[in-house]
Amino acid sequence: EVQLQASGGGLVQAGGSLTLSCAAVGFSFDRYAITWFRQAPGKEREKLSCVNMGSSSDTYNAEPLKGRFITYSDNAKTTVYLQMNSLKPEDTAVYYCAAGRNMILSSIGDQNRYGYWGQGTLVTVSS
């Protein structure tokens with residue numbers, strides 16, 4: 001079965017760190033763009049960061065998160081990580097990863113372009 005598995009969420013105090021994982025099951029991330037989104041209660045889902053495993057190897061990080069959130073992949077291109085540092089209570093949300101084939105960075109905000117979504121992992125940051 002082809003799927004994405006997101007994991008690593010949990011409860012953390014403000015100022016702490018968490019690293020989320022997004023693993024490919026049944027396929028390789030080669031030629032896919034892997035994007036992290038999050039959705040806080042009562043808010044729309046927003047894109048956070050992206051690693052494009054295609055030939056361009058481009059990356060994207062939302063401007064407000066630069067310096068705190070880092071996205072990277074393993075050498076085998078089967079797992080993408082979201083390292084989150086200096087967490088704040090407003091980072092509390094369900095975090096999702098999504099995989100879209102042959103995407104370019106200008107299209108990563110279009111959620112309809114993704115063929116696979118992870119199940120979401122809850123991150124709660126206490127003050």
# chains A, B, ... in the order shown; residues from 1 in each chain; ligands from 1
call {"tool": "closest_atom_pairs", "arguments": {"of": "range 77-112 of chain A", "to": "range 44-55 of chain A", "cutoff": "9 Å", "atoms": "only C-alpha atoms", "output": "CSV"}}
result
residue,atom,partner,partner_atom,distance
A:Lys77,CA,A:Met53,CA,7.5
A:Val80,CA,A:Val51,CA,8.0
A:Leu82,CA,A:Ser49,CA,8.3
A:Arg101,CA,A:Gly54,CA,8.6
A:Asn102,CA,A:Gly54,CA,6.8
A:Met103,CA,A:Asn52,CA,7.7
A:Ile104,CA,A:Asn52,CA,7.7
A:Leu105,CA,A:Asn52,CA,7.6
A:Ile108,CA,A:Cys50,CA,7.7
A:Gly109,CA,A:Lys47,CA,6.3
call {"tool": "write_last_selection", "arguments": {"atoms": "C-alpha atoms", "output": "CSV table (one decimal), in the first residue's frame"}}
result
chain,number,residue,atom,x,y,z
A,77,LYS,CA,14.8,10.0,-0.1
A,80,VAL,CA,11.5,14.0,5.3
A,82,LEU,CA,10.6,19.0,10.1
A,101,ARG,CA,4.9,14.5,-8.1
A,102,ASN,CA,6.8,16.7,-10.5
A,103,MET,CA,5.8,19.9,-8.7
A,104,ILE,CA,7.5,23.3,-8.8
A,105,LEU,CA,7.8,25.6,-5.9
A,108,ILE,CA,3.2,24.1,-3.5
A,109,GLY,CA,0.4,26.1,-2.0
call {"tool": "select_by_dssp", "arguments": {"residues": "range 4-98 of chain A", "states": "strand (DSSP E or B)", "output": "PDB file with N, CA, C and O atoms, in the first residue's frame"}}
result
ATOM      1  N   LEU A   4       1.750   7.899   3.124  1.00  0.00           N
ATOM      2  CA  LEU A   4       2.683   8.693   3.903  1.00  0.00           C
ATOM      3  C   LEU A   4       2.388   8.463   5.371  1.00  0.00           C
ATOM      4  O   LEU A   4       1.219   8.388   5.764  1.00  0.00           O
ATOM      5  N   GLN A   5       3.418   8.380   6.149  1.00  0.00           N
ATOM      6  CA  GLN A   5       3.251   8.226   7.587  1.00  0.00           C
ATOM      7  C   GLN A   5       3.942   9.392   8.289  1.00  0.00           C
ATOM      8  O   GLN A   5       5.159   9.515   8.230  1.00  0.00           O
ATOM      9  N   ALA A   6       3.145  10.225   8.922  1.00  0.00           N
ATOM     10  CA  ALA A   6       3.677  11.355   9.686  1.00  0.00           C
ATOM     11  C   ALA A   6       3.696  10.983  11.159  1.00  0.00           C
ATOM     12  O   ALA A   6       2.766  10.356  11.661  1.00  0.00           O
ATOM     13  N   SER A   7       4.753  11.363  11.829  1.00  0.00           N
ATOM     14  CA  SER A   7       4.875  11.040  13.248  1.00  0.00           C
ATOM     15  C   SER A   7       5.782  12.042  13.939  1.00  0.00           C
ATOM     16  O   SER A   7       6.431  12.868  13.284  1.00  0.00           O
ATOM     17  N   GLY A  10       3.606  15.739  19.693  1.00  0.00           N
ATOM     18  CA  GLY A  10       3.480  15.527  21.127  1.00  0.00           C
ATOM     19  C   GLY A  10       3.331  16.835  21.853  1.00  0.00           C
ATOM     20  O   GLY A  10       3.092  17.886  21.240  1.00  0.00           O
ATOM     21  N   LEU A  11       3.465  16.755  23.164  1.00  0.00           N
ATOM     22  CA  LEU A  11       3.347  17.929  24.027  1.00  0.00           C
ATOM     23  C   LEU A  11       4.751  18.411  24.383  1.00  0.00           C
ATOM     24  O   LEU A  11       5.605  17.625  24.813  1.00  0.00           O
ATOM     25  N   VAL A  12       4.961  19.708  24.222  1.00  0.00           N
ATOM     26  CA  VAL A  12       6.272  20.282  24.522  1.00  0.00           C
ATOM     27  C   VAL A  12       6.068  21.652  25.144  1.00  0.00           C
ATOM     28  O   VAL A  12       5.076  22.332  24.840  1.00  0.00           O
ATOM     29  N   GLN A  13       6.978  22.041  25.996  1.00  0.00           N
ATOM     30  CA  GLN A  13       6.893  23.363  26.592  1.00  0.00           C
ATOM     31  C   GLN A  13       7.410  24.428  25.626  1.00  0.00           C
ATOM     32  O   GLN A  13       8.241  24.139  24.755  1.00  0.00           O
ATOM     33  N   LEU A  18      10.922  19.912  18.714  1.00  0.00           N
ATOM     34  CA  LEU A  18      10.376  18.634  18.252  1.00  0.00           C
ATOM     35  C   LEU A  18      10.830  18.427  16.825  1.00  0.00           C
ATOM     36  O   LEU A  18      10.990  19.395  16.075  1.00  0.00           O
ATOM     37  N   THR A  19      10.983  17.172  16.447  1.00  0.00           N
ATOM     38  CA  THR A  19      11.264  16.847  15.054  1.00  0.00           C
ATOM     39  C   THR A  19      10.202  15.881  14.558  1.00  0.00           C
ATOM     40  O   THR A  19      10.013  14.813  15.121  1.00  0.00           O
ATOM     41  N   LEU A  20       9.511  16.295  13.534  1.00  0.00           N
ATOM     42  CA  LEU A  20       8.485  15.465  12.916  1.00  0.00           C
ATOM     43  C   LEU A  20       9.099  14.688  11.755  1.00  0.00           C
ATOM     44  O   LEU A  20      10.030  15.166  11.096  1.00  0.00           O
ATOM     45  N   SER A  21       8.541  13.530  11.493  1.00  0.00           N
ATOM     46  CA  SER A  21       9.000  12.693  10.390  1.00  0.00           C
ATOM     47  C   SER A  21       7.862  12.416   9.427  1.00  0.00           C
ATOM     48  O   SER A  21       6.709  12.268   9.847  1.00  0.00           O
ATOM     49  N   CYS A  22       8.194  12.337   8.169  1.00  0.00           N
ATOM     50  CA  CYS A  22       7.223  11.979   7.134  1.00  0.00           C
ATOM     51  C   CYS A  22       7.870  10.892   6.296  1.00  0.00           C
ATOM     52  O   CYS A  22       8.836  11.153   5.570  1.00  0.00           O
ATOM     53  N   ALA A  23       7.372   9.683   6.412  1.00  0.00           N
ATOM     54  CA  ALA A  23       7.984   8.549   5.750  1.00  0.00           C
ATOM     55  C   ALA A  23       7.141   8.068   4.582  1.00  0.00           C
ATOM     56  O   ALA A  23       5.911   7.991   4.671  1.00  0.00           O
ATOM     57  N   ALA A  24       7.804   7.734   3.512  1.00  0.00           N
ATOM     58  CA  ALA A  24       7.130   7.152   2.346  1.00  0.00           C
ATOM     59  C   ALA A  24       7.024   5.640   2.537  1.00  0.00           C
ATOM     60  O   ALA A  24       8.022   4.990   2.829  1.00  0.00           O
ATOM     61  N   VAL A  25       5.840   5.131   2.372  1.00  0.00           N
ATOM     62  CA  VAL A  25       5.612   3.687   2.455  1.00  0.00           C
ATOM     63  C   VAL A  25       5.146   3.200   1.102  1.00  0.00           C
ATOM     64  O   VAL A  25       4.143   3.654   0.582  1.00  0.00           O
ATOM     65  N   TYR A  32       9.368  13.856  -6.192  1.00  0.00           N
ATOM     66  CA  TYR A  32       8.241  14.427  -5.468  1.00  0.00           C
ATOM     67  C   TYR A  32       8.670  15.689  -4.713  1.00  0.00           C
ATOM     68  O   TYR A  32       9.811  15.813  -4.285  1.00  0.00           O
ATOM     69  N   ALA A  33       7.730  16.593  -4.568  1.00  0.00           N
ATOM     70  CA  ALA A  33       7.882  17.694  -3.627  1.00  0.00           C
ATOM     71  C   ALA A  33       7.159  17.292  -2.347  1.00  0.00           C
ATOM     72  O   ALA A  33       6.004  16.852  -2.390  1.00  0.00           O
ATOM     73  N   ILE A  34       7.847  17.413  -1.228  1.00  0.00           N
ATOM     74  CA  ILE A  34       7.269  17.060   0.064  1.00  0.00           C
ATOM     75  C   ILE A  34       7.081  18.353   0.847  1.00  0.00           C
ATOM     76  O   ILE A  34       8.053  19.066   1.122  1.00  0.00           O
ATOM     77  N   THR A  35       5.854  18.641   1.177  1.00  0.00           N
ATOM     78  CA  THR A  35       5.532  19.890   1.850  1.00  0.00           C
ATOM     79  C   THR A  35       4.901  19.621   3.206  1.00  0.00           C
ATOM     80  O   THR A  35       4.068  18.724   3.341  1.00  0.00           O
ATOM     81  N   TRP A  36       5.312  20.398   4.178  1.00  0.00           N
ATOM     82  CA  TRP A  36       4.706  20.370   5.500  1.00  0.00           C
ATOM     83  C   TRP A  36       3.657  21.474   5.587  1.00  0.00           C
ATOM     84  O   TRP A  36       3.918  22.627   5.213  1.00  0.00           O
ATOM     85  N   PHE A  37       2.491  21.117   6.088  1.00  0.00           N
ATOM     86  CA  PHE A  37       1.406  22.055   6.366  1.00  0.00           C
ATOM     87  C   PHE A  37       1.058  21.921   7.849  1.00  0.00           C
ATOM     88  O   PHE A  37       1.397  20.942   8.503  1.00  0.00           O
ATOM     89  N   ARG A  38       0.328  22.895   8.319  1.00  0.00           N
ATOM     90  CA  ARG A  38      -0.267  22.756   9.644  1.00  0.00           C
ATOM     91  C   ARG A  38      -1.621  23.440   9.663  1.00  0.00           C
ATOM     92  O   ARG A  38      -1.887  24.350   8.875  1.00  0.00           O
ATOM     93  N   GLN A  39      -2.452  22.972  10.572  1.00  0.00           N
ATOM     94  CA  GLN A  39      -3.772  23.568  10.725  1.00  0.00           C
ATOM     95  C   GLN A  39      -4.060  23.715  12.209  1.00  0.00           C
ATOM     96  O   GLN A  39      -4.165  22.718  12.927  1.00  0.00           O
ATOM     97  N   GLU A  46      -2.111  25.925   6.511  1.00  0.00           N
ATOM     98  CA  GLU A  46      -1.083  26.781   5.923  1.00  0.00           C
ATOM     99  C   GLU A  46       0.163  25.970   5.595  1.00  0.00           C
ATOM    100  O   GLU A  46       0.494  25.007   6.286  1.00  0.00           O
ATOM    101  N   LYS A  47       0.847  26.377   4.541  1.00  0.00           N
ATOM    102  CA  LYS A  47       2.071  25.688   4.168  1.00  0.00           C
ATOM    103  C   LYS A  47       3.221  26.257   4.975  1.00  0.00           C
ATOM    104  O   LYS A  47       3.277  27.435   5.264  1.00  0.00           O
ATOM    105  N   LEU A  48       4.132  25.348   5.319  1.00  0.00           N
ATOM    106  CA  LEU A  48       5.253  25.737   6.166  1.00  0.00           C
ATOM    107  C   LEU A  48       6.576  25.664   5.423  1.00  0.00           C
ATOM    108  O   LEU A  48       7.348  26.611   5.412  1.00  0.00           O
ATOM    109  N   SER A  49       6.831  24.524   4.842  1.00  0.00           N
ATOM    110  CA  SER A  49       8.121  24.320   4.202  1.00  0.00           C
ATOM    111  C   SER A  49       8.021  23.184   3.203  1.00  0.00           C
ATOM    112  O   SER A  49       7.103  22.367   3.263  1.00  0.00           O
ATOM    113  N   CYS A  50       8.987  23.151   2.305  1.00  0.00           N
ATOM    114  CA  CYS A  50       8.946  22.166   1.233  1.00  0.00           C
ATOM    115  C   CYS A  50      10.365  21.776   0.841  1.00  0.00           C
ATOM    116  O   CYS A  50      11.262  22.629   0.819  1.00  0.00           O
ATOM    117  N   VAL A  51      10.512  20.505   0.533  1.00  0.00           N
ATOM    118  CA  VAL A  51      11.735  20.013  -0.083  1.00  0.00           C
ATOM    119  C   VAL A  51      11.340  19.363  -1.399  1.00  0.00           C
ATOM    120  O   VAL A  51      10.484  18.470  -1.413  1.00  0.00           O
ATOM    121  N   ASN A  52      11.930  19.835  -2.472  1.00  0.00           N
ATOM    122  CA  ASN A  52      11.630  19.274  -3.780  1.00  0.00           C
ATOM    123  C   ASN A  52      12.697  18.243  -4.127  1.00  0.00           C
ATOM    124  O   ASN A  52      13.851  18.596  -4.327  1.00  0.00           O
ATOM    125  N   THR A  59      14.122  24.289  -2.122  1.00  0.00           N
ATOM    126  CA  THR A  59      13.470  24.254  -0.826  1.00  0.00           C
ATOM    127  C   THR A  59      12.698  25.542  -0.611  1.00  0.00           C
ATOM    128  O   THR A  59      12.969  26.568  -1.261  1.00  0.00           O
ATOM    129  N   TYR A  60      11.728  25.480   0.272  1.00  0.00           N
ATOM    130  CA  TYR A  60      10.913  26.645   0.611  1.00  0.00           C
ATOM    131  C   TYR A  60      10.683  26.626   2.111  1.00  0.00           C
ATOM    132  O   TYR A  60      10.433  25.572   2.689  1.00  0.00           O
ATOM    133  N   ASN A  61      10.752  27.775   2.707  1.00  0.00           N
ATOM    134  CA  ASN A  61      10.395  27.929   4.104  1.00  0.00           C
ATOM    135  C   ASN A  61       9.570  29.197   4.260  1.00  0.00           C
ATOM    136  O   ASN A  61       9.973  30.255   3.770  1.00  0.00           O
ATOM    137  N   PHE A  69      12.251  26.721  12.013  1.00  0.00           N
ATOM    138  CA  PHE A  69      11.865  25.436  11.426  1.00  0.00           C
ATOM    139  C   PHE A  69      12.830  25.098  10.286  1.00  0.00           C
ATOM    140  O   PHE A  69      13.131  25.938   9.446  1.00  0.00           O
ATOM    141  N   ILE A  70      13.246  23.852  10.261  1.00  0.00           N
ATOM    142  CA  ILE A  70      14.169  23.377   9.222  1.00  0.00           C
ATOM    143  C   ILE A  70      13.614  22.091   8.633  1.00  0.00           C
ATOM    144  O   ILE A  70      13.251  21.178   9.371  1.00  0.00           O
ATOM    145  N   THR A  71      13.581  22.001   7.309  1.00  0.00           N
ATOM    146  CA  THR A  71      13.121  20.792   6.627  1.00  0.00           C
ATOM    147  C   THR A  71      14.282  20.159   5.892  1.00  0.00           C
ATOM    148  O   THR A  71      15.030  20.851   5.185  1.00  0.00           O
ATOM    149  N   TYR A  72      14.416  18.855   6.029  1.00  0.00           N
ATOM    150  CA  TYR A  72      15.491  18.148   5.339  1.00  0.00           C
ATOM    151  C   TYR A  72      15.069  16.704   5.119  1.00  0.00           C
ATOM    152  O   TYR A  72      14.104  16.227   5.716  1.00  0.00           O
ATOM    153  N   SER A  73      15.799  16.035   4.250  1.00  0.00           N
ATOM    154  CA  SER A  73      15.477  14.643   3.947  1.00  0.00           C
ATOM    155  C   SER A  73      16.680  13.756   4.231  1.00  0.00           C
ATOM    156  O   SER A  73      17.799  14.235   4.371  1.00  0.00           O
ATOM    157  N   THR A  79      12.394   9.593   3.742  1.00  0.00           N
ATOM    158  CA  THR A  79      11.872  10.280   4.918  1.00  0.00           C
ATOM    159  C   THR A  79      12.253  11.752   4.859  1.00  0.00           C
ATOM    160  O   THR A  79      13.384  12.098   4.526  1.00  0.00           O
ATOM    161  N   VAL A  80      11.293  12.598   5.165  1.00  0.00           N
ATOM    162  CA  VAL A  80      11.522  14.041   5.261  1.00  0.00           C
ATOM    163  C   VAL A  80      11.210  14.457   6.690  1.00  0.00           C
ATOM    164  O   VAL A  80      10.239  13.984   7.282  1.00  0.00           O
ATOM    165  N   TYR A  81      12.037  15.313   7.214  1.00  0.00           N
ATOM    166  CA  TYR A  81      11.906  15.733   8.598  1.00  0.00           C
ATOM    167  C   TYR A  81      11.570  17.224   8.687  1.00  0.00           C
ATOM    168  O   TYR A  81      11.965  18.014   7.825  1.00  0.00           O
ATOM    169  N   LEU A  82      10.859  17.580   9.721  1.00  0.00           N
ATOM    170  CA  LEU A  82      10.620  18.976  10.053  1.00  0.00           C
ATOM    171  C   LEU A  82      11.126  19.180  11.474  1.00  0.00           C
ATOM    172  O   LEU A  82      10.504  18.722  12.432  1.00  0.00           O
ATOM    173  N   GLN A  83      12.254  19.841  11.582  1.00  0.00           N
ATOM    174  CA  GLN A  83      12.828  20.139  12.890  1.00  0.00           C
ATOM    175  C   GLN A  83      12.302  21.497  13.336  1.00  0.00           C
ATOM    176  O   GLN A  83      12.475  22.493  12.640  1.00  0.00           O
ATOM    177  N   MET A  84      11.666  21.514  14.493  1.00  0.00           N
ATOM    178  CA  MET A  84      11.038  22.730  14.996  1.00  0.00           C
ATOM    179  C   MET A  84      11.708  23.136  16.298  1.00  0.00           C
ATOM    180  O   MET A  84      11.715  22.355  17.258  1.00  0.00           O
ATOM    181  N   ALA A  93      -0.842  22.943  16.655  1.00  0.00           N
ATOM    182  CA  ALA A  93      -1.622  22.638  15.455  1.00  0.00           C
ATOM    183  C   ALA A  93      -1.472  21.150  15.137  1.00  0.00           C
ATOM    184  O   ALA A  93      -0.647  20.457  15.732  1.00  0.00           O
ATOM    185  N   VAL A  94      -2.269  20.710  14.187  1.00  0.00           N
ATOM    186  CA  VAL A  94      -2.050  19.403  13.572  1.00  0.00           C
ATOM    187  C   VAL A  94      -1.152  19.624  12.359  1.00  0.00           C
ATOM    188  O   VAL A  94      -1.445  20.467  11.512  1.00  0.00           O
ATOM    189  N   TYR A  95      -0.082  18.875  12.321  1.00  0.00           N
ATOM    190  CA  TYR A  95       0.902  19.017  11.259  1.00  0.00           C
ATOM    191  C   TYR A  95       0.744  17.872  10.267  1.00  0.00           C
ATOM    192  O   TYR A  95       0.623  16.709  10.650  1.00  0.00           O
ATOM    193  N   TYR A  96       0.751  18.228   8.994  1.00  0.00           N
ATOM    194  CA  TYR A  96       0.582  17.265   7.917  1.00  0.00           C
ATOM    195  C   TYR A  96       1.766  17.346   6.962  1.00  0.00           C
ATOM    196  O   TYR A  96       2.319  18.428   6.733  1.00  0.00           O
ATOM    197  N   CYS A  97       2.099  16.219   6.374  1.00  0.00           N
ATOM    198  CA  CYS A  97       3.003  16.242   5.237  1.00  0.00           C
ATOM    199  C   CYS A  97       2.225  15.773   4.012  1.00  0.00           C
ATOM    200  O   CYS A  97       1.263  15.008   4.122  1.00  0.00           O
ATOM    201  N   ALA A  98       2.648  16.259   2.869  1.00  0.00           N
ATOM    202  CA  ALA A  98       1.986  15.917   1.617  1.00  0.00           C
ATOM    203  C   ALA A  98       3.038  15.743   0.543  1.00  0.00           C
ATOM    204  O   ALA A  98       4.075  16.420   0.561  1.00  0.00           O
TER     205      ALA A  98
END
call {"tool": "closest_residue", "arguments": {"among": "A:Gly26, A:Gly67, A:Gly42, A:Gly115", "to": "Ser86 in chain A", "atoms": "only C-alpha atoms"}}
result
A:Gly67
call {"tool": "atom_distance", "arguments": {"atom1": "CA of Thr92 in chain A", "atom2": "CA of Pro64 in chain A"}}
result
15.1 Å
call {"tool": "select_by_dssp", "arguments": {"residues": "chain A", "states": "helix (DSSP H, G or I)", "output": "short mmCIF file (atom, residue, chain, number, x, y, z; two decimals) with C-alpha atoms, in the first residue's frame"}}
result
data_model
loop_
_atom_site.label_atom_id
_atom_site.label_comp_id
_atom_site.auth_asym_id
_atom_site.auth_seq_id
_atom_site.Cartn_x
_atom_site.Cartn_y
_atom_site.Cartn_z
CA GLU A 63 9.18 33.60 6.04
CA PRO A 64 7.86 33.81 9.62
CA LEU A 65 9.35 30.41 10.40
CA PRO A 89 2.13 28.23 21.95
CA GLU A 90 0.91 29.59 18.61
CA ASP A 91 2.69 26.68 16.90
CA LEU A 105 7.81 25.57 -5.85
CA SER A 106 5.35 28.12 -7.20
CA SER A 107 2.58 25.51 -6.98
CA GLN A 111 -3.32 21.54 -1.87
CA ASN A 112 -5.19 19.86 -4.74
CA ARG A 113 -1.87 19.14 -6.41
#
